[in-house]
$ cat model_16.tsv   # TSV, C-alpha atoms
chain	number	residue	atom	x	y	z
A	1152	MET	CA	6.50	-27.70	2.84
A	1153	LYS	CA	7.61	-26.95	-0.73
A	1154	PRO	CA	11.21	-28.25	-0.34
A	1155	TYR	CA	9.84	-31.57	0.99
A	1156	GLY	CA	7.51	-32.27	-1.92
A	1157	LYS	CA	8.27	-35.10	-4.31
A	1158	ALA	CA	7.78	-35.21	-8.08
A	1159	ASN	CA	4.28	-34.37	-9.24
A	1160	LYS	CA	1.81	-32.70	-6.88
A	1161	ASN	CA	-1.10	-34.62	-5.43
A	1162	ASP	CA	-2.91	-34.74	-2.08
A	1163	MET	CA	-0.99	-37.72	-0.75
A	1164	ARG	CA	2.41	-36.16	-1.45
A	1165	ASP	CA	1.25	-32.83	-0.01
A	1166	ALA	CA	0.26	-34.56	3.23
A	1167	GLU	CA	3.60	-36.37	3.31
A	1168	ALA	CA	5.48	-33.10	2.80
A	1169	ILE	CA	3.53	-31.45	5.63
A	1170	ALA	CA	4.29	-34.35	7.97
A	1171	GLU	CA	7.96	-34.12	7.01
A	1172	ALA	CA	8.18	-30.35	7.51
A	1173	VAL	CA	6.35	-30.00	10.85
A	1174	PRO	CA	8.93	-31.71	13.15
A	1175	ARG	CA	11.90	-29.77	11.75
A	1176	PRO	CA	13.49	-27.72	14.58
A	1177	SER	CA	14.14	-24.65	12.43
A	1178	MET	CA	10.64	-24.49	10.94
A	1179	ARG	CA	8.76	-21.24	11.50
A	1180	PHE	CA	5.00	-21.13	11.88
A	1181	GLY	CA	2.50	-18.31	11.52
A	1182	PRO	CA	-0.26	-17.77	14.07
A	1183	VAL	CA	-3.83	-18.77	13.30
A	1184	GLN	CA	-5.75	-15.64	12.36
A	1185	ASP	CA	-9.15	-14.75	13.76
A	1186	VAL	CA	-12.16	-13.91	11.62
A	1187	ALA	CA	-12.44	-10.27	12.76
A	1188	PRO	CA	-9.02	-9.19	11.37
A	1189	GLN	CA	-9.88	-10.88	8.08
A	1190	ASP	CA	-13.00	-8.72	7.86
A	1191	ILE	CA	-10.92	-5.60	8.44
A	1192	GLN	CA	-8.39	-6.72	5.82
A	1193	ALA	CA	-11.18	-6.90	3.25
A	1194	LEU	CA	-12.06	-3.20	3.64
A	1195	PRO	CA	-8.84	-1.69	2.22
A	1196	ARG	CA	-8.82	-4.24	-0.60
A	1197	VAL	CA	-12.32	-3.20	-1.65
A	1198	ARG	CA	-11.28	0.44	-1.36
A	1199	GLU	CA	-8.24	-0.22	-3.55
A	1200	ARG	CA	-10.44	-1.81	-6.20
A	1201	LEU	CA	-12.74	1.22	-6.17
A	1202	VAL	CA	-9.80	3.63	-6.43
A	1203	THR	CA	-8.49	1.68	-9.42
A	1204	ALA	CA	-11.92	1.80	-11.05
A	1205	ARG	CA	-12.16	5.55	-10.37
A	1206	THR	CA	-8.77	6.15	-11.98
A	1207	ALA	CA	-9.77	4.08	-14.99
A	1208	ARG	CA	-12.99	6.08	-15.34
A	1209	VAL	CA	-11.08	9.37	-15.20
A	1210	GLN	CA	-8.62	8.20	-17.85
A	1211	GLU	CA	-11.50	7.02	-20.03
A	1212	MET	CA	-13.19	10.41	-19.82
A	1213	ARG	CA	-9.96	12.28	-20.52
A	1214	GLY	CA	-9.38	10.17	-23.63
A	1215	LEU	CA	-12.96	10.65	-24.80
A	1216	LEU	CA	-12.80	14.43	-24.40
A	1217	ALA	CA	-9.36	14.58	-26.02
A	1218	ALA	CA	-10.88	13.00	-29.12
A	1219	TYR	CA	-13.21	16.02	-29.30
A	1220	GLY	CA	-10.31	18.44	-28.76
A	1221	MET	CA	-11.01	19.12	-25.07
A	1222	VAL	CA	-8.01	18.81	-22.75
A	1223	VAL	CA	-8.71	18.32	-19.05
A	1224	PRO	CA	-5.86	18.75	-16.50
A	1225	GLN	CA	-4.40	15.73	-14.77
A	1226	GLY	CA	-4.88	14.99	-11.09
A	1227	MET	CA	-8.04	14.01	-9.23
A	1228	ALA	CA	-8.29	17.33	-7.36
A	1229	LYS	CA	-8.26	19.33	-10.60
A	1230	PHE	CA	-10.21	16.92	-12.75
A	1231	ARG	CA	-13.76	17.27	-11.42
A	1232	PRO	CA	-14.02	21.11	-11.37
A	1233	ALA	CA	-12.17	21.35	-14.69
A	1234	LEU	CA	-14.48	18.75	-16.22
A	1235	VAL	CA	-17.61	20.62	-15.15
A	1236	SER	CA	-16.36	23.93	-16.54
A	1237	THR	CA	-15.18	22.26	-19.77
A	1238	LEU	CA	-18.51	20.52	-20.35
A	1239	GLU	CA	-20.41	23.77	-19.73
A	1240	ALA	CA	-18.20	25.77	-22.09
A	1241	GLU	CA	-17.86	23.16	-24.84
A	1242	HIS	CA	-21.29	21.58	-24.55
A	1243	PRO	CA	-22.51	22.75	-27.98
A	1244	GLN	CA	-19.49	21.17	-29.70
A	1245	LEU	CA	-20.30	17.69	-28.42
A	1246	PRO	CA	-22.66	15.50	-30.46
A	1247	PRO	CA	-25.76	14.15	-28.66
A	1248	ARG	CA	-24.26	10.72	-28.09
A	1249	GLY	CA	-21.05	12.25	-26.76
A	1250	GLN	CA	-23.03	14.42	-24.35
A	1251	ALA	CA	-25.02	11.45	-23.06
A	1252	LEU	CA	-21.88	9.35	-22.68
A	1253	CYS	CA	-20.04	12.08	-20.77
A	1254	HIS	CA	-22.96	12.55	-18.38
A	1255	THR	CA	-23.17	8.79	-17.79
A	1256	LEU	CA	-19.45	8.49	-17.06
A	1257	PHE	CA	-19.57	11.55	-14.81
A	1258	ALA	CA	-22.41	10.01	-12.80
A	1259	GLU	CA	-20.43	6.76	-12.46
A	1260	LEU	CA	-17.41	8.76	-11.30
A	1261	GLY	CA	-19.50	10.48	-8.65
A	1262	GLN	CA	-20.82	7.14	-7.38
A	1263	LEU	CA	-17.29	5.73	-7.16
A	1264	ALA	CA	-16.16	8.81	-5.24
A	1265	VAL	CA	-18.98	8.31	-2.73
A	1266	GLU	CA	-18.05	4.65	-2.21
A	1267	VAL	CA	-14.35	5.44	-1.79
A	1268	ALA	CA	-15.20	8.12	0.78
A	1269	TYR	CA	-17.39	5.63	2.67
A	1270	TYR	CA	-14.60	3.08	3.02
A	1271	GLN	CA	-12.11	5.82	3.87
A	1272	ASP	CA	-14.33	7.06	6.70
A	1273	THR	CA	-14.91	3.50	7.91
A	1274	LEU	CA	-11.18	2.80	8.11
A	1275	ALA	CA	-10.55	6.14	9.86
A	1276	ALA	CA	-13.20	5.31	12.48
A	1277	LEU	CA	-11.67	1.86	13.06
A	1278	ALA	CA	-8.20	3.39	13.47
A	1279	GLU	CA	-9.46	5.92	16.02
A	1280	ALA	CA	-11.36	3.29	18.00
A	1281	HIS	CA	-8.54	0.73	18.20
A	1282	PRO	CA	-6.01	1.63	20.96
A	1283	VAL	CA	-2.93	0.33	19.09
A	1284	CYS	CA	-3.92	2.05	15.85
A	1285	HIS	CA	-4.57	5.24	17.78
A	1286	ARG	CA	-0.98	5.16	19.03
A	1287	TRP	CA	0.33	4.39	15.54
A	1288	LEU	CA	-1.41	7.47	14.16
A	1289	THR	CA	1.02	9.62	16.16
A	1290	LEU	CA	3.92	8.28	14.06
A	1291	PRO	CA	5.02	10.28	11.00
A	1292	GLY	CA	3.86	8.93	7.66
A	1293	LEU	CA	1.34	6.48	9.11
A	1294	GLY	CA	-2.34	7.20	8.47
A	1295	PRO	CA	-5.60	5.36	9.13
A	1296	LEU	CA	-5.30	3.16	6.04
A	1297	THR	CA	-1.81	1.85	6.86
A	1298	ALA	CA	-2.64	1.51	10.56
A	1299	THR	CA	-5.73	-0.63	9.98
A	1300	VAL	CA	-3.96	-2.78	7.38
A	1301	LEU	CA	-1.11	-3.53	9.79
A	1302	MET	CA	-3.44	-4.09	12.72
A	1303	ALA	CA	-5.46	-6.63	10.74
A	1304	ALA	CA	-2.37	-8.42	9.41
A	1305	VAL	CA	-0.40	-8.68	12.67
A	1306	ALA	CA	-2.26	-10.77	15.20
A	1307	ASP	CA	0.61	-10.83	17.72
A	1308	ALA	CA	3.85	-8.90	17.24
A	1309	ARG	CA	5.65	-11.25	19.65
A	1310	VAL	CA	6.06	-13.82	16.89
A	1311	TRP	CA	9.09	-11.70	15.88
A	1312	LYS	CA	11.84	-11.37	18.45
A	1313	ASN	CA	12.65	-7.77	17.44
A	1314	GLY	CA	11.85	-5.16	14.80
A	1315	ARG	CA	14.33	-6.41	12.21
A	1316	PRO	CA	12.47	-9.66	11.35
A	1317	PHE	CA	9.25	-7.64	11.23
A	1318	ALA	CA	10.80	-5.25	8.67
A	1319	ALA	CA	12.00	-8.32	6.72
A	1320	TRP	CA	8.46	-9.72	6.82
A	1321	VAL	CA	7.20	-6.50	5.22
A	1322	GLY	CA	9.99	-6.78	2.62
A	1323	LEU	CA	11.99	-3.66	3.54
A	1324	VAL	CA	15.43	-5.26	4.00
A	1325	PRO	CA	18.13	-5.91	1.39
A	1326	THR	CA	18.28	-9.19	-0.45
A	1327	GLN	CA	21.42	-11.07	0.59
A	1328	TYR	CA	23.58	-13.09	-1.78
A	1329	ALA	CA	26.73	-14.70	-0.39
A	1330	THR	CA	29.16	-17.09	-2.03
A	1331	GLY	CA	32.76	-17.96	-1.23
A	1332	GLY	CA	32.55	-16.09	2.05
A	1333	GLN	CA	31.80	-12.78	0.28
A	1334	PRO	CA	28.31	-11.47	1.09
A	1335	ARG	CA	26.56	-9.01	-1.18
A	1336	ARG	CA	23.52	-6.86	-0.47
A	1337	LEU	CA	21.19	-6.18	-3.34
A	1338	GLY	CA	17.88	-4.30	-3.57
A	1339	ILE	CA	15.04	-4.78	-1.12
A	1340	SER	CA	13.63	-8.29	-0.96
A	1341	LYS	CA	9.98	-7.25	-1.66
A	1342	ARG	CA	8.85	-10.30	0.27
A	1343	GLY	CA	5.56	-10.39	2.05
A	1344	ASP	CA	2.35	-8.72	1.03
A	1345	SER	CA	2.63	-6.48	-2.03
A	1346	TYR	CA	-0.13	-4.22	-0.69
A	1347	ARG	CA	1.31	-3.39	2.75
A	1348	ARG	CA	4.85	-2.62	1.55
A	1349	PRO	CA	3.95	0.24	-0.85
A	1350	LEU	CA	1.82	1.81	1.90
A	1351	ARG	CA	4.84	1.97	4.19
A	1352	ILE	CA	7.10	3.39	1.45
A	1353	HIS	CA	4.53	6.00	0.39
A	1354	GLY	CA	4.21	7.04	4.03
A	1355	ALA	CA	7.98	7.46	4.24
A	1356	ARG	CA	7.94	9.56	1.07
A	1357	ALA	CA	5.32	11.80	2.67
A	1358	THR	CA	7.64	12.48	5.61
A	1359	LEU	CA	10.61	13.15	3.32
A	1360	ARG	CA	8.71	16.00	1.68
A	1361	TRP	CA	9.35	18.05	4.82
A	1362	ALA	CA	12.94	16.89	5.40
A	1363	ARG	CA	14.39	20.02	3.79
A	1364	THR	CA	12.25	22.46	5.76
A	1365	LYS	CA	12.20	20.99	9.29
A	1366	ALA	CA	15.16	21.32	11.63
A	1367	ASP	CA	14.47	18.54	14.16
A	1368	ARG	CA	16.82	15.60	14.69
A	1369	ARG	CA	14.82	13.11	12.63
A	1370	ARG	CA	14.73	15.37	9.57
A	1371	GLN	CA	18.44	16.15	9.84
A	1372	GLY	CA	19.25	12.45	9.59
A	1373	SER	CA	16.96	12.10	6.60
A	1374	ARG	CA	18.63	15.05	4.88
A	1375	GLY	CA	22.06	13.46	5.25
A	1376	LEU	CA	20.76	10.16	3.92
A	1377	LEU	CA	19.12	11.94	0.98
A	1378	ALA	CA	22.40	13.58	0.05
A	1379	ARG	CA	24.28	10.27	0.16
A	1380	ARG	CA	21.83	7.70	-1.19
A	1381	GLY	CA	19.12	9.47	-3.17
A	1382	TRP	CA	15.35	9.73	-2.84
A	1383	ASN	CA	14.16	6.14	-3.34
A	1384	ARG	CA	16.74	4.43	-1.13
A	1385	THR	CA	16.15	6.99	1.60
A	1386	ALA	CA	12.39	6.38	1.40
A	1387	VAL	CA	12.92	2.63	1.88
A	1388	ALA	CA	15.36	3.24	4.76
A	1389	VAL	CA	12.88	5.54	6.50
A	1390	ALA	CA	10.07	3.00	5.91
A	1391	ASN	CA	12.29	0.31	7.48
A	1392	LYS	CA	12.86	2.49	10.54
A	1393	HIS	CA	9.16	3.23	10.85
A	1394	ALA	CA	8.37	-0.50	10.62
A	1395	ARG	CA	10.67	-1.21	13.56
A	1396	ILE	CA	8.99	1.54	15.57
A	1397	VAL	CA	5.60	0.04	14.70
A	1398	TRP	CA	6.74	-3.36	15.95
A	1399	ALA	CA	7.93	-1.83	19.24

$ encode --input "model_16.tsv" --output "structure tokens"
Amino acid sequence: MKPYGKANKNDMRDAEAIAEAVPRPSMRFGPVQDVAPQDIQALPRVRERLVTARTARVQEMRGLLAAYGMVVPQGMAKFRPALVSTLEAEHPQLPPRGQALCHTLFAELGQLAVEVAYYQDTLAALAEAHPVCHRWLTLPGLGPLTATVLMAAVADARVWKNGRPFAAWVGLVPTQYATGGQPRRLGISKRGDSYRRPLRIHGARATLRWARTKADRRRQGSRGLLARRGWNRTAVAVANKHARIVWA
């Protein structure tokens, strides 16, 4: 309705723009979403918030310890065991307030880890129980998180006539710019939800890790594309292909 709005925004002009846009023959409409998929969509968003808070807590603790001359390795898998050993070895060097603060932040980090694991297990159980998600889990680079996010977002895949519009809806197609009869293709459009698109690209990157070691037909095509176009463009191309398979 945005192109049909007039001058300043108010409720009357919004209603007029809606009435003007609805009868247009080329207008596209989205399906009405049920309440249950909206509940499922909330789970990964809450998990993402907790993961962000956990990362912030880790960075806060690393900065605090660095001020006392204690360097903790990067990476979540190495951080917790390294932090425990560092605190045990360097405990006498920390002042009382620093010791109390480190123990408080460590307890908060443990609580965040428990909450993240809870939502991760919940999403994994939903993906296993849903028949479509269970089929999606057989695809390379598509895990329980991505499967449940797509299942909750796509009420009916038949609103797209084929896989190409679905990949465009995710934002994995080139932006087109044409003038004077000369079309140009730029970077990916990045349209659609900014949470679903990175999940698809990260999943494609996970499959490309094994492109140099596997000899099957899919990996051979990825190796050729890697040699011609580089890592990032190949990851987006593989994510686009996976999106079309998901639609099918």

$ closest_atom_pairs --input "model_16.tsv" --of "region 1175-1247 of chain A" --to "region 1301-1307 of chain A" --cutoff "8 Å" --atoms "only C-alpha atoms" --output "JSON lines"
{"residue": "A:Pro1182", "atom": "CA", "partner": "A:Ala1306", "partner_atom": "CA", "distance": 7.4}
{"residue": "A:Gln1184", "atom": "CA", "partner": "A:Ala1306", "partner_atom": "CA", "distance": 6.6}
{"residue": "A:Pro1188", "atom": "CA", "partner": "A:Ala1303", "partner_atom": "CA", "distance": 4.4}
{"residue": "A:Gln1189", "atom": "CA", "partner": "A:Ala1303", "partner_atom": "CA", "distance": 6.7}
{"residue": "A:Ile1191", "atom": "CA", "partner": "A:Ala1303", "partner_atom": "CA", "distance": 6.0}
{"residue": "A:Gln1192", "atom": "CA", "partner": "A:Ala1303", "partner_atom": "CA", "distance": 5.7}

$ axis_aligned_box --input "model_16.tsv" --around "region 1210-1226 of chain A" --padding-each-side "5 Å" --output "AutoDock Vina command-line options"
--center_x -8.8 --center_y 13.1 --center_z -20.2 --size_x 18.8 --size_y 22.1 --size_z 28.2

$ atom_distance --input "model_16.tsv" --atom1 "CA of Arg1196 (chain A)" --atom2 "CA of Pro1295 (chain A)"
14.0 Å

$ residues_near_point --input "model_16.tsv" --point "(11.4, -2.1, 5.0)" --cutoff "9 Å" --atoms "only C-alpha atoms" --output "list in words"
Arg1315, Phe1317, Ala1318, Ala1319, Trp1320, Val1321, Gly1322, Leu1323, Val1324, Pro1325, Ile1339, Ser1340, Lys1341, Arg1348, Arg1351, Ile1352, Val1387, Ala1388, Val1389, Ala1390, Asn1391, Lys1392, His1393, Ala1394 and Arg1395 of chain A

$ residues_near_point --input "model_16.tsv" --point "(8.5, -30.3, 4.0)" --cutoff "8 Å" --atoms "all atoms listed in the file" --output "list in words"
Met1152, Lys1153, Pro1154, Tyr1155, Gly1156, Glu1167, Ala1168, Ile1169, Ala1170, Glu1171, Ala1172 and Val1173 of chain A

$ atom_distance --input "model_16.tsv" --atom1 "CA of Val1283 (chain A)" --atom2 "CA of Arg1384 (chain A)"
28.5 Å

$ atom_distance --input "model_16.tsv" --atom1 "CA of Ala1207 (chain A)" --atom2 "CA of Leu1260 (chain A)"
9.7 Å

$ closest_residue --input "model_16.tsv" --among "A:Asp1165, A:Thr1299, A:Leu1350, A:Gln1262" --to "His1281 (chain A)" --atoms "only C-alpha atoms"
A:Thr1299

$ closest_residue --input "model_16.tsv" --among "A:Pro1232, A:Gly1332, A:Pro1246, A:Gly1354" --to "Gly1292 (chain A)" --atoms "all atoms listed in the file"
A:Gly1354

$ closest_residue --input "model_16.tsv" --among "A:Leu1277, A:Ala1204, A:Ala1362, A:Leu1194" --to "Ala1378 (chain A)" --atoms "only C-alpha atoms"
A:Ala1362

$ build_atoms --input "model_16.tsv" --residues "region 1232-1266 of chain A" --atoms "N, CA and C atoms" --output "mmCIF file, in the coordinates of the input"
data_model
loop_
_atom_site.group_PDB
_atom_site.id
_atom_site.type_symbol
_atom_site.label_atom_id
_atom_site.label_comp_id
_atom_site.auth_asym_id
_atom_site.auth_seq_id
_atom_site.Cartn_x
_atom_site.Cartn_y
_atom_site.Cartn_z
ATOM 1 N N PRO A 1232 -13.590 19.741 -11.028
ATOM 2 C CA PRO A 1232 -14.020 21.110 -11.370
ATOM 3 C C PRO A 1232 -13.690 21.503 -12.803
ATOM 4 N N ALA A 1233 -12.515 21.030 -13.304
ATOM 5 C CA ALA A 1233 -12.170 21.350 -14.690
ATOM 6 C C ALA A 1233 -13.110 20.670 -15.661
ATOM 7 N N LEU A 1234 -13.560 19.460 -15.339
ATOM 8 C CA LEU A 1234 -14.480 18.750 -16.220
ATOM 9 C C LEU A 1234 -15.825 19.462 -16.301
ATOM 10 N N VAL A 1235 -16.323 19.925 -15.149
ATOM 11 C CA VAL A 1235 -17.610 20.620 -15.150
ATOM 12 C C VAL A 1235 -17.541 21.897 -15.978
ATOM 13 N N SER A 1236 -16.481 22.679 -15.770
ATOM 14 C CA SER A 1236 -16.360 23.930 -16.540
ATOM 15 C C SER A 1236 -16.159 23.653 -18.024
ATOM 16 N N THR A 1237 -15.409 22.595 -18.358
ATOM 17 C CA THR A 1237 -15.180 22.260 -19.770
ATOM 18 C C THR A 1237 -16.463 21.816 -20.442
ATOM 19 N N LEU A 1238 -17.249 20.978 -19.766
ATOM 20 C CA LEU A 1238 -18.510 20.520 -20.350
ATOM 21 C C LEU A 1238 -19.493 21.677 -20.531
ATOM 22 N N GLU A 1239 -19.511 22.619 -19.580
ATOM 23 C CA GLU A 1239 -20.410 23.770 -19.730
ATOM 24 C C GLU A 1239 -19.988 24.673 -20.877
ATOM 25 N N ALA A 1240 -18.672 24.855 -21.043
ATOM 26 C CA ALA A 1240 -18.200 25.770 -22.090
ATOM 27 C C ALA A 1240 -18.263 25.132 -23.477
ATOM 28 N N GLU A 1241 -17.944 23.821 -23.539
ATOM 29 C CA GLU A 1241 -17.860 23.160 -24.840
ATOM 30 C C GLU A 1241 -19.067 22.273 -25.127
ATOM 31 N N HIS A 1242 -20.130 22.440 -24.383
ATOM 32 C CA HIS A 1242 -21.290 21.580 -24.550
ATOM 33 C C HIS A 1242 -21.866 21.604 -25.963
ATOM 34 N N PRO A 1243 -21.954 22.764 -26.616
ATOM 35 C CA PRO A 1243 -22.510 22.750 -27.980
ATOM 36 C C PRO A 1243 -21.661 21.988 -28.989
ATOM 37 N N GLN A 1244 -20.357 21.843 -28.736
ATOM 38 C CA GLN A 1244 -19.490 21.170 -29.700
ATOM 39 C C GLN A 1244 -19.630 19.641 -29.640
ATOM 40 N N LEU A 1245 -20.175 19.129 -28.561
ATOM 41 C CA LEU A 1245 -20.300 17.690 -28.420
ATOM 42 C C LEU A 1245 -21.553 17.188 -29.141
ATOM 43 N N PRO A 1246 -21.461 16.084 -29.856
ATOM 44 C CA PRO A 1246 -22.660 15.500 -30.460
ATOM 45 C C PRO A 1246 -23.563 14.926 -29.379
ATOM 46 N N PRO A 1247 -24.816 14.652 -29.694
ATOM 47 C CA PRO A 1247 -25.760 14.150 -28.660
ATOM 48 C C PRO A 1247 -25.278 12.881 -27.963
ATOM 49 N N ARG A 1248 -24.739 11.946 -28.729
ATOM 50 C CA ARG A 1248 -24.260 10.720 -28.090
ATOM 51 C C ARG A 1248 -23.074 11.000 -27.180
ATOM 52 N N GLY A 1249 -22.188 11.892 -27.604
ATOM 53 C CA GLY A 1249 -21.050 12.250 -26.760
ATOM 54 C C GLY A 1249 -21.502 12.926 -25.480
ATOM 55 N N GLN A 1250 -22.510 13.773 -25.556
ATOM 56 C CA GLN A 1250 -23.030 14.420 -24.350
ATOM 57 C C GLN A 1250 -23.620 13.389 -23.382
ATOM 58 N N ALA A 1251 -24.410 12.473 -23.921
ATOM 59 C CA ALA A 1251 -25.020 11.450 -23.060
ATOM 60 C C ALA A 1251 -23.957 10.562 -22.420
ATOM 61 N N LEU A 1252 -22.931 10.211 -23.208
ATOM 62 C CA LEU A 1252 -21.880 9.350 -22.680
ATOM 63 C C LEU A 1252 -21.089 10.053 -21.587
ATOM 64 N N CYS A 1253 -20.782 11.328 -21.785
ATOM 65 C CA CYS A 1253 -20.040 12.080 -20.770
ATOM 66 C C CYS A 1253 -20.833 12.201 -19.479
ATOM 67 N N HIS A 1254 -22.137 12.445 -19.583
ATOM 68 C CA HIS A 1254 -22.960 12.550 -18.380
ATOM 69 C C HIS A 1254 -23.060 11.204 -17.660
ATOM 70 N N THR A 1255 -23.120 10.117 -18.419
ATOM 71 C CA THR A 1255 -23.170 8.790 -17.790
ATOM 72 C C THR A 1255 -21.882 8.484 -17.051
ATOM 73 N N LEU A 1256 -20.746 8.751 -17.695
ATOM 74 C CA LEU A 1256 -19.450 8.490 -17.060
ATOM 75 C C LEU A 1256 -19.241 9.400 -15.854
ATOM 76 N N PHE A 1257 -19.713 10.628 -15.941
ATOM 77 C CA PHE A 1257 -19.570 11.550 -14.810
ATOM 78 C C PHE A 1257 -20.395 11.072 -13.621
ATOM 79 N N ALA A 1258 -21.600 10.544 -13.896
ATOM 80 C CA ALA A 1258 -22.410 10.010 -12.800
ATOM 81 C C ALA A 1258 -21.747 8.785 -12.171
ATOM 82 N N GLU A 1259 -21.151 7.911 -12.998
ATOM 83 C CA GLU A 1259 -20.430 6.760 -12.460
ATOM 84 C C GLU A 1259 -19.237 7.203 -11.618
ATOM 85 N N LEU A 1260 -18.552 8.244 -12.071
ATOM 86 C CA LEU A 1260 -17.410 8.760 -11.300
ATOM 87 C C LEU A 1260 -17.850 9.293 -9.955
ATOM 88 N N GLY A 1261 -18.989 9.980 -9.927
ATOM 89 C CA GLY A 1261 -19.500 10.480 -8.650
ATOM 90 C C GLY A 1261 -19.870 9.351 -7.698
ATOM 91 N N GLN A 1262 -20.467 8.284 -8.225
ATOM 92 C CA GLN A 1262 -20.820 7.140 -7.380
ATOM 93 C C GLN A 1262 -19.577 6.457 -6.825
ATOM 94 N N LEU A 1263 -18.543 6.324 -7.644
ATOM 95 C CA LEU A 1263 -17.290 5.730 -7.160
ATOM 96 C C LEU A 1263 -16.658 6.597 -6.081
ATOM 97 N N ALA A 1264 -16.723 7.913 -6.250
ATOM 98 C CA ALA A 1264 -16.160 8.810 -5.240
ATOM 99 C C ALA A 1264 -16.892 8.665 -3.912
ATOM 100 N N VAL A 1265 -18.210 8.498 -3.961
ATOM 101 C CA VAL A 1265 -18.980 8.310 -2.730
ATOM 102 C C VAL A 1265 -18.583 6.998 -2.037
ATOM 103 N N GLU A 1266 -18.414 5.935 -2.799
ATOM 104 C CA GLU A 1266 -18.050 4.650 -2.210
ATOM 105 C C GLU A 1266 -16.645 4.683 -1.626
#
